[in-house]
Amino acid sequence: MDRQEIENLIARVALKDRAAFDLLYDRTCAKLFGVCLRVLNKRAAAEDAMQDTFVKIWNNADRYHSNGLSPMTWLITIARNTSIDRLRARKKGHQDIDTPGLELVSPGPNPEEFAVASSEASRLSGCLDTLEEDRGKAIRGAYLDGETYADLADRFGVPLNTMRTWLRRGLIALRECMSQ
Amino acid sequence: MTDIQDTPPDDDLMAAELVLGLASADDQAAARRRMATDAGFAERMVFWQERFAAMTGAIAPVKPSAKLKKKMLARVFPKPRVSVLQRVWLWQGVSIAALLFAGYLGVQLLQINTGPVTQPTVLAAQLVGETSGLQILAVVEPVKHEIALRRVSGQVAPNRAFELWAILPGQAPVSLGVLPEQETVRLLVPEALRSQAAQITLAISDEPLGGSPTGAPTGDVLAVGEMTEL
């Protein structure tokens, strides 16, 4: 997917261009549906999440321009957050992470600096692998399975505070690895 | 794992936790406020969002069904509710009840005009108010020169009355009378207005019981509609 093309389409959707919205869907739906399916694991639920995702894209495209995210990251973040909200809604103590604004952040100073290159994925993956195995799993579990600290503490059989400190250290190590 | 303590995270870790969805609801609300004003913090959010989104790099694309796109588009661009009626009537927002009522009148007109007389034009108006919720359908019966009115929605305020006015272009409103409480009523079109019935705009104003004391509308205009040929 061409970054410039997706960026142009989002800009046109921001101006309520329906043809551009149609095309943006065609270009990105397979990737975003893959993400929704990965998180929700059920086709019907993933289809509902896709509908919500594109309603949000239509309604918020005008806020994309200045948020500093690469276009695919913006779209993927909306699909991921929407899916995880659905996943958590099934559980008790549901907490909405997709509060409007989290993926629609205000301008950073230098958007280009943060563009995800295709090599970024393998780099991150490599860094996650250098972490102690459990920490890498915990970070993946939080991002891709919407696991909370309580869920993670349960899964790894440690107290909540321990889990928190443990994951934060994982994040620090990850940051160091990625800035090398 | 040694030296385990729950040390508070720095801004960067807080941003990472927010992106992962691990922060508490309170922290999230605070973070949203902060992102709007603190460019440095917003930048940390962007940093982590970009990095974590890379975790989806290994996820294979899956083509959704064509039906999903249709459903999604129908949700984003809902069809106007009255589109079919609009096409039939070229007349906005007419309700089913109004249609039935007009149809009923049409049958009556046909029974009246049994001879080889040219079919008279039937005029109708739909009076609607943007804020009042009042909706009234008016059909002019061309043989008896009557206006048949049906209130589709909206209620008169206590101790107030609806008064119907006919307005010709460039002229002062002429009262056609105070509407009774029931939903349907027939009023006579004044002789002076009959030849120009097609140019009439009908309006309902809010008046004291018994109607306007001055002969001109004194209260708010609650609904307005222009005559249309059916």
# chains A, B, ... in the order shown; residues from 1 in each chain; ligands from 1
call {"tool": "interface_residues", "arguments": {"of": "chain B", "to": "chain A", "cutoff": "9 Å", "atoms": "only C-alpha atoms", "output": "PyMOL selection string"}}
result
chain B and resi 1+4-9+13+16-25+28-29+31-32+35-47+49-64+68-69+71-73+75-76
call {"tool": "write_last_selection", "arguments": {"atoms": "C-alpha atoms", "output": "CSV table (one decimal), in the first residue's frame"}}
result
chain,number,residue,atom,x,y,z
B,1,MET,CA,13.1,-10.8,39.1
B,4,ILE,CA,10.3,-5.5,42.5
B,5,GLN,CA,8.7,-2.2,43.4
B,6,ASP,CA,5.7,-0.5,41.9
B,7,THR,CA,7.6,2.6,40.8
B,8,PRO,CA,5.5,5.2,39.1
B,9,PRO,CA,6.1,5.3,35.3
B,13,LEU,CA,5.9,4.7,29.9
B,16,ALA,CA,3.0,3.4,26.2
B,17,GLU,CA,0.5,2.1,28.7
B,18,LEU,CA,-2.2,4.3,27.3
B,19,VAL,CA,-1.6,3.0,23.8
B,20,LEU,CA,-1.7,-0.6,25.0
B,21,GLY,CA,-4.9,0.1,26.8
B,22,LEU,CA,-3.4,-0.7,30.2
B,23,ALA,CA,-4.0,2.7,31.9
B,24,SER,CA,-6.9,3.2,34.2
B,25,ALA,CA,-10.0,5.2,33.1
B,28,GLN,CA,-7.0,8.0,30.2
B,29,ALA,CA,-9.2,11.0,30.8
B,31,ALA,CA,-4.1,11.9,29.2
B,32,ARG,CA,-6.6,13.1,26.7
B,35,MET,CA,-2.5,15.5,24.7
B,36,ALA,CA,-4.4,18.6,23.6
B,37,THR,CA,-1.9,20.9,25.2
B,38,ASP,CA,1.3,19.0,25.6
B,39,ALA,CA,3.0,18.4,22.3
B,40,GLY,CA,5.9,16.5,23.9
B,41,PHE,CA,3.4,14.0,25.5
B,42,ALA,CA,1.4,13.7,22.2
B,43,GLU,CA,4.7,12.9,20.5
B,44,ARG,CA,5.3,10.0,22.9
B,45,MET,CA,1.8,8.7,22.1
B,46,VAL,CA,2.6,8.9,18.4
B,47,PHE,CA,5.9,7.1,19.0
B,49,GLN,CA,1.3,4.0,18.4
B,50,GLU,CA,3.6,3.7,15.4
B,51,ARG,CA,5.8,1.1,17.1
B,52,PHE,CA,3.0,-1.1,18.4
B,53,ALA,CA,1.1,-0.9,15.2
B,54,ALA,CA,4.1,-2.7,13.7
B,55,MET,CA,2.9,-5.8,15.7
B,56,THR,CA,0.2,-6.1,13.1
B,57,GLY,CA,2.8,-6.4,10.3
B,58,ALA,CA,2.7,-10.2,10.6
B,59,ILE,CA,-1.1,-10.4,10.4
B,60,ALA,CA,-2.1,-11.7,7.0
B,61,PRO,CA,-4.8,-9.6,5.1
B,62,VAL,CA,-8.2,-11.3,4.9
B,63,LYS,CA,-10.7,-10.2,2.3
B,64,PRO,CA,-14.1,-9.5,3.8
B,68,LEU,CA,-19.9,-6.3,4.6
B,69,LYS,CA,-19.1,-3.3,2.4
B,71,LYS,CA,-23.8,-3.0,5.1
B,72,MET,CA,-21.1,-0.6,6.1
B,73,LEU,CA,-22.0,1.9,3.4
B,75,ARG,CA,-24.8,2.6,7.9
B,76,VAL,CA,-22.5,5.5,6.9
call {"tool": "atom_distance", "arguments": {"atom1": "CA of Ile200 (chain B)", "atom2": "CA of Val122 (chain B)"}}
result
13.3 Å
call {"tool": "residues_around", "arguments": {"residues": "region 157-165 of chain B", "least_positions_apart": "4", "cutoff": "7 Å", "atoms": "only C-alpha atoms", "output": "count of residues only"}}
result
17
call {"tool": "select_by_dssp", "arguments": {"residues": "region 179-218 of chain B", "states": "strand (DSSP E)", "output": "PyMOL selection string"}}
result
chain B and resi 184-188+201-208
call {"tool": "closest_residue", "arguments": {"among": "A:Arg63, A:Lys16, A:Ser179, A:Asp134", "to": "Val158 (chain A)", "atoms": "only C-alpha atoms"}}
result
A:Asp134
call {"tool": "residues_around", "arguments": {"residues": "region 134-136 of chain B", "least_positions_apart": "2", "cutoff": "6 Å", "atoms": "only C-alpha atoms", "output": "PyMOL selection string"}}
result
chain B and resi 126-129+132+150-154
call {"tool": "write_last_selection", "arguments": {"atoms": "N, CA and C atoms", "output": "compact mmCIF listing (two decimals), in the first residue's frame"}}
result
# COMPACT_ATOMS: atom_id res chain seq x y z
N GLN B 126 -48.21 20.99 2.68
CA GLN B 126 -47.84 20.38 3.94
C GLN B 126 -47.22 21.46 4.81
N LEU B 127 -47.87 21.73 5.93
CA LEU B 127 -47.40 22.78 6.83
C LEU B 127 -46.53 22.15 7.91
N VAL B 128 -45.30 22.59 7.97
CA VAL B 128 -44.41 22.04 9.00
C VAL B 128 -43.68 23.18 9.69
N GLY B 129 -43.34 22.95 10.95
CA GLY B 129 -42.56 23.92 11.72
C GLY B 129 -41.27 23.27 12.15
N SER B 132 -41.60 23.62 16.26
CA SER B 132 -42.85 23.35 16.96
C SER B 132 -43.25 21.88 16.92
N ARG B 150 -55.69 18.25 7.96
CA ARG B 150 -55.51 17.16 8.90
C ARG B 150 -54.23 17.41 9.68
N ARG B 151 -54.36 17.45 11.00
CA ARG B 151 -53.19 17.63 11.85
C ARG B 151 -52.53 16.26 12.03
N VAL B 152 -51.31 16.12 11.53
CA VAL B 152 -50.59 14.83 11.59
C VAL B 152 -49.83 14.72 12.91
N SER B 153 -49.23 15.83 13.33
CA SER B 153 -48.55 15.81 14.64
C SER B 153 -48.55 17.21 15.22
N GLY B 154 -48.33 17.28 16.52
CA GLY B 154 -48.27 18.57 17.21
C GLY B 154 -49.55 18.85 17.98
call {"tool": "atom_distance", "arguments": {"atom1": "CA of Gly225 (chain B)", "atom2": "CA of Ala166 (chain B)"}}
result
10.0 Å
call {"tool": "select_by_dssp", "arguments": {"residues": "chain A", "states": "alpha helix (DSSP H)", "output": "ChimeraX atom specification"}}
result
/A:3-14,18-40,43-60,71-89,118-130,133-145,149-156,160-178
call {"tool": "residues_around", "arguments": {"residues": "Arg86 (chain A)", "least_positions_apart": "3", "cutoff": "8 Å", "atoms": "only C-alpha atoms", "output": "ChimeraX atom specification"}}
result
/A:40,45,49,82-83,89-90
call {"tool": "atom_distance", "arguments": {"atom1": "CA of Val221 (chain B)", "atom2": "CA of Glu141 (chain B)"}}
result
24.7 Å
